[in-house]
Each structure stands twice: as structure tokens, then as C-alpha cells.
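Peer 1: Sharing a structure here in C-alpha cells format.
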Amino acid sequence: MERKGIPSSESAGPLLQSPVDDRKPEVVQMKKQLGLLEGVAIILGIIFGSGIFISPKGVILEVESVGLSLVVWAMCGLLSMVGALCYAELGTSIPKSGGDYAYIFEAFGPLPAFLYLWDAMLIFVPTTNAIMGLTFAKYVIQPFFPECELPDFSVRCIAAVVICFFTFLNCYDVKLTTKIQNTFMFGKIFALSIIIIMGIVYMIFIDKMEKFAQPFEGSNTEPGKIAVAFYAGIFSYSGWNYLNFMTEELRNPYVNLPRAIYISLPLVTLIYVLANVAYLAVLTPAEIVASNAIAVTFGDRVLGFLSWTMPLMVAMSALGGLSVHIMTSSRMCFVGARYGHFPVMLAQINVSKLTPTPSLVFLNLLSLVMLCTSDIYALITYSSFVESFFIMMSVSGILWLRHKRPNIPRPIKVSVWIPVFFIVICLFLVVVPIYYKPLEVAVAVAITLTGIPAYLIGVTWTNKPQWFHNGHIAMTHFVQKLFMSAKEQLDGEGEEEED
């Protein structure tokens, strides 16, 4: 890895300028091919993934009551909308792909940005891919094992197959992937609509609102429990900031980025709260906690002979979320490598498909490693702590950049209380679990700290021995030949020798 810096947005060189639309055919560069519909589909596609079909159990397990569970879901939606407003300012004032990585770099410098990238690649990106793959596998297998434990090895094998398949699909064609995601998006909304309609009908005509007669009875208000419940809910909303990873591939990002956010988040919050009302109208908290696949249990109770359709629809939802998460997160890895914080071989683009194939394959391998466990809720807690911390740091960058560089263009500028409110809530979610889940927090912090020596050796150490350079160059050439990839070029750039 070579040492490079990200120029400020005031004096960015050609490397960081938004790519133009009228490129020469021979330029090796990702295309601006995503419009407003694709932007909305990406956000809805990744949010409507596996979370809403697994996280209700994680929330009710901690808070133990119907009313407090719904409050947590509504607050998670509010927090996501507030965060999305902050990211609209970040994404339009720093119009670079890479999302949080680029924002943290601009605000706080290379080391915090590298630590974010390090944790993203080692913890929450592959963990989220693993969770979505496992969710798909469990819902596919569940109908064949209605009364017994699911075969763990089979679940993990199926999850591995779908992760590899959608990695290949993202390597093959971005446009094809987005078309498939549009289809999945409408399928997911249809599945959630069935859950909501059937749940409300059951609540009004069969249950007679009995489960909501005393909604807060038995609530557990311990701060640590509430924080962990928020982690489960926030995981279901995660993805509201992922379109920012693809800013350079979005047409007219100053308009389409905020519009996609404003359309998606209120819709998601409404659907999620109504879906949880439906779950809780049909199933008791104890039944939800005991279920391995809550939507399957729900379908068995209310859909009768059509109950077989529910695991199919949930499986499609998980696949759509997995596909879009693989696509967006690979851009973060690509951008980090392009700026010298990961090996340059990961900043290569396939010369015919114009996709970041090496980054996609690299994250695929890490996702497969995460399948060493099938405990979804442990993975959620493990990854959410780290992700919440760095999202808080990104939003803190709004306040710091307004002080440090007040004159940069800000097409969208939110009121100062919005990032302050978001930071306070995130601080609560980061600090409280330290006492309630010390082991998970300790492991996450330890992995983060290992990024410091990796940064010192890989980025700041300039006088590396010749054998290190030779090995790096040989590996880069191997990756280029294996994936038919080359260094990204902008219009007017000539051929350059590989480092």
C-alpha cells in the first residue's frame, strides 16, 4: 500500500472529481447510470432486507412488552430519518463515493478514516452479508423442519452459495443487478403488505385488540436492555446511508441523493411500525421469542393453505437486501484502495464490465469467513456497536467541517440541532452497552485497535524493503490478469505504469 491523501473538496484533483457523463468508450471508469428510481430502489432494497423478519424477536427479547417494542421501532425510524438528513448534507457537500470513509477523512484525517475502513471490511460489512445470507437459508429450510432445530451446516452452506452468486452477479453487470433489485423491491413491499393487512384484519376481527389492552405491562426499562433492543431495530433500518457510497455513479447527485432519502425513510418507518403491529397482533411476545422464523410462524397462523408463500417472499427479500449490500459496500472498499488505504489491487476495475471486481471478490471471501457462526443475534450486536460509533463520528464531522471549512459549497444545510440530537442518541447507544455486553464491545474495540499497526505499516511506512514492493506488484499483476482489471482512468489520462 502506498501513502496517499484525499485532497480537500476545495482543491480536489482529477482523481476526486465527479466523473462526467460523456466519456470516451476506452476509459476504464465506473459509469453514472443510477437515477432517482434506482436510488430509491437501492435504499429500499437494502433496508427491506432480512432485518424486519428477524429483528422483532431481538427487540421483544430485550424490552419484553408490546408497547415498548413499538416505541423502539418508531424511535429507530426517527433516528434513521434524522441521520438521513445529516447524510444528505454530507453527501452533497462532499460528493465522493465511499460514504462514511470519505466524510471521516475530510473531517478528521486519514487515521480515523482508515480505522473505519478497517472495521467496515473486517466487521460490519461481511457480518451484514452473512446475516442476510443466513436469513435466506433459514427461511428456505424452515418449512422442511417445522418441529425441530435447523441443520446448522446446511444453513451455512446455502448462505455461502447465495453470497457467492450475488457477488458474481454484481461483478457481471451493475445495470442488470439494479434491475433485479427493482423487482425484489416490489416483491418485498408486497410481502410486507400481506403481513400488515392480514395482521390488522386479525387484530380487529379475531383478537379484538386484546393483545394491546395493556401494551406496557411487563416492560423492561433497564438502559442496557433498551440500547441492545435499539441495536436490533437499527439493524433493520441499516442501509439508509448506503446510497452515499455510490455518489459518483448517481446521475445529478445534488438532486437525486436527497430526494431518494426523503422518499424512502418515511415510507420505511411507516411500513416497519405497521409490520410490528401485525406481528404483535397475531403472536404473543413469548411466541415471537420462541420462533426461529417469525414470518413463517405468522404465516402458519393466518394464511392457512397459502402459508407456504411466506418463506418464499421472505427469502426473496433477503436476497434483494444481500445483492444491494454487496454492490454498495464494494464501492467503499474500492474507494479506500483508490486512496492508498488498502492494497491498490482492490482499486482495479474490470475492463469490459466496468465493475470493481477485485473489491467484490475480496469482500465475498470475508463474508464467507463470517459464516463460521450462525448466531444471527450475536452478529447483530457485534457489528452494530462499531457501526453506530463510526456513524456518530461521520455526523460529528458536519459540526467540525462547519467550523473548520465554513466556505465549502453546501447545497443542503440542516439546522444545527439535527446533528446534535443524532450524536447524543448515538452516544447513548455506544456507551450503555459497554456495561451490558462487555465481551462483544471488547472484541469490537480490540479489532479496531489492530487497525493502528496496520495503518502504520501499510500506509505511513514509506521505506518498505524491496521484497515487499516486489510482492505487492506481483500480486497486483496477478489480480489484474485473473479478473481482467485495470487501474481507473479519467478522460484525458494516458497510460500509467503500475506502482
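Ordering of the C-alpha cells sets the chain letters (A, B, ...), residue numbers begin anew at 1 in every chain, and ligands are numbered from 1 in the order given.
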Neighbouring residues of segment 310-313 of chain A were defined as those with any atom within 10 Å, considering only C-alpha atoms; residues of the same chain fewer than 4 positions away were excluded. Please report them as number ranges by chain.

Peer 2: A: 136, 138-143, 184, 187-192, 194-195, 293-300, 303, 306, 317-319

Peer 1: Select from segment 166-391 of chain A everything DSSP, run on the backbone, classes as strand (DSSP E or B), then give the selection as a ChimeraX atom specification.

Peer 2: /A:250,348-350

Peer 1: Write out as a list of chain:residue names which residues come within 12 Å of segment 404-407 of chain A when counting only C-alpha atoms, dropping same-chain ones fewer than 3 positions away.

Peer 2: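 Contacts, with the query itself left out: A:Ser8, A:Ser9, A:Glu10, A:Ser93, A:Ile94, A:Glu106, A:Ala107, A:Phe108, A:Gly397, A:Ile398, A:Leu399, A:Trp400, A:Leu401, A:Arg410, A:Pro411, A:Lys413.
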
Peer 1: Quick one, how far is atom CA of Ile349 of chain A from atom CA of Ala486 of chain A?

Peer 2: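 Atom-to-atom, atom CA of Ile349 of chain A to atom CA of Ala486 of chain A, that is 5.4 Å.
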
Peer 1: Restricting the calculation to only C-alpha atoms, which member of A:Asn241, A:Met203, A:Phe390, A:Leu78 is positioned closest to Pro258 of chain A?

Peer 2: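 Going through A:Asn241, A:Met203, A:Phe390, A:Leu78 one by one, the smallest distance to Pro258 of chain A is for A:Asn241.
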
Peer 1: Using only C-alpha atoms, which of A:Tyr279, A:Tyr231, A:Phe305, A:Phe216 sits nearest Gly58 of chain A?

Peer 2: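 Of the candidates, the smallest distance to Gly58 of chain A is held by A:Tyr231.
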
Peer 1: Can you pull out every residue within 12 Å of Val201 of chain A, counting only C-alpha atoms, but drop anything in the same chain fewer than 2 positions away, and send it as a VMD selection string?

Peer 2: chain A and resid 194 to 199 203 to 209 277 to 279 281 to 282 302 to 303

Peer 1: I need the residues from that last selection saved to file as a short mmCIF file (atom, residue, chain, number, x, y, z; two decimals), in the first residue's frame (with C-alpha atoms), if you can.

Peer 2:
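Dumped to again04.cif:
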```
data_model
loop_
_atom_site.label_atom_id
_atom_site.label_comp_id
_atom_site.auth_asym_id
_atom_site.auth_seq_id
_atom_site.Cartn_x
_atom_site.Cartn_y
_atom_site.Cartn_z
CA ILE A 194 -49.60 -9.03 3.15
CA ILE A 195 -48.21 -9.18 6.70
CA ILE A 196 -49.65 -5.77 7.55
CA ILE A 197 -53.10 -6.38 6.01
CA MET A 198 -53.54 -9.86 7.50
CA GLY A 199 -52.26 -8.71 10.88
CA MET A 203 -56.29 -7.76 15.26
CA ILE A 204 -59.70 -6.17 14.54
CA PHE A 205 -61.94 -9.17 13.81
CA ILE A 206 -60.34 -12.08 15.70
CA ASP A 207 -58.15 -10.82 18.53
CA LYS A 208 -60.41 -7.81 19.23
CA MET A 209 -57.34 -5.73 20.24
CA VAL A 277 -48.21 -4.13 14.94
CA ALA A 278 -49.25 -7.04 12.70
CA TYR A 279 -46.73 -9.45 14.26
CA ALA A 281 -51.47 -8.68 16.95
CA VAL A 282 -51.13 -12.31 15.88
CA VAL A 302 -53.11 -16.51 9.46
CA LEU A 303 -52.54 -17.63 5.85
#
```

Peer 1: Rank nothing, just name the residue among A:Pro285, A:Tyr116, A:Glu387, A:Ile423 nearest to Gly218 of chain A, using only C-alpha atoms.

Peer 2: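 Answer, going by the shortest atom-to-atom distance: A:Pro285.
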
Peer 1: Hey, what does DSSP flag as alpha helix (DSSP H) within segment 115-189 of chain A? Can you give it to me as an MDAnalysis selection string?

Peer 2: chainID A and resid 115:119 125:141 152:172 174:189

Peer 1: Find, counting only C-alpha atoms, the residue in A:Met332, A:Leu379, A:Val351, A:Cys372 that gets nearest to Trp118 of chain A.

Peer 2: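 Closest to Trp118 of chain A of all the choices is A:Met332.
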
Peer 1: Between atom CA of Tyr172 of chain A and atom CA of Met484 of chain A, what is the spacing in Å?

Peer 2: 12.1 Å

Peer 1: For Tyr262 of chain A, which of A:Gly451, A:Ala74, A:Val443, A:Tyr87 is the closest residue, counting only C-alpha atoms?

Peer 2: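 For Tyr262 of chain A, the nearest of the given residues is A:Tyr87.
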
Peer 1: Taking 2 positions as the minimum chain separation for residues in the same chain, which residues sit within 12 Å of Leu371 of chain A when counting only C-alpha atoms? Answer as a ChimeraX atom specification.

Peer 2: /A:126-135,137,152-161,163,364-369,373-376,379
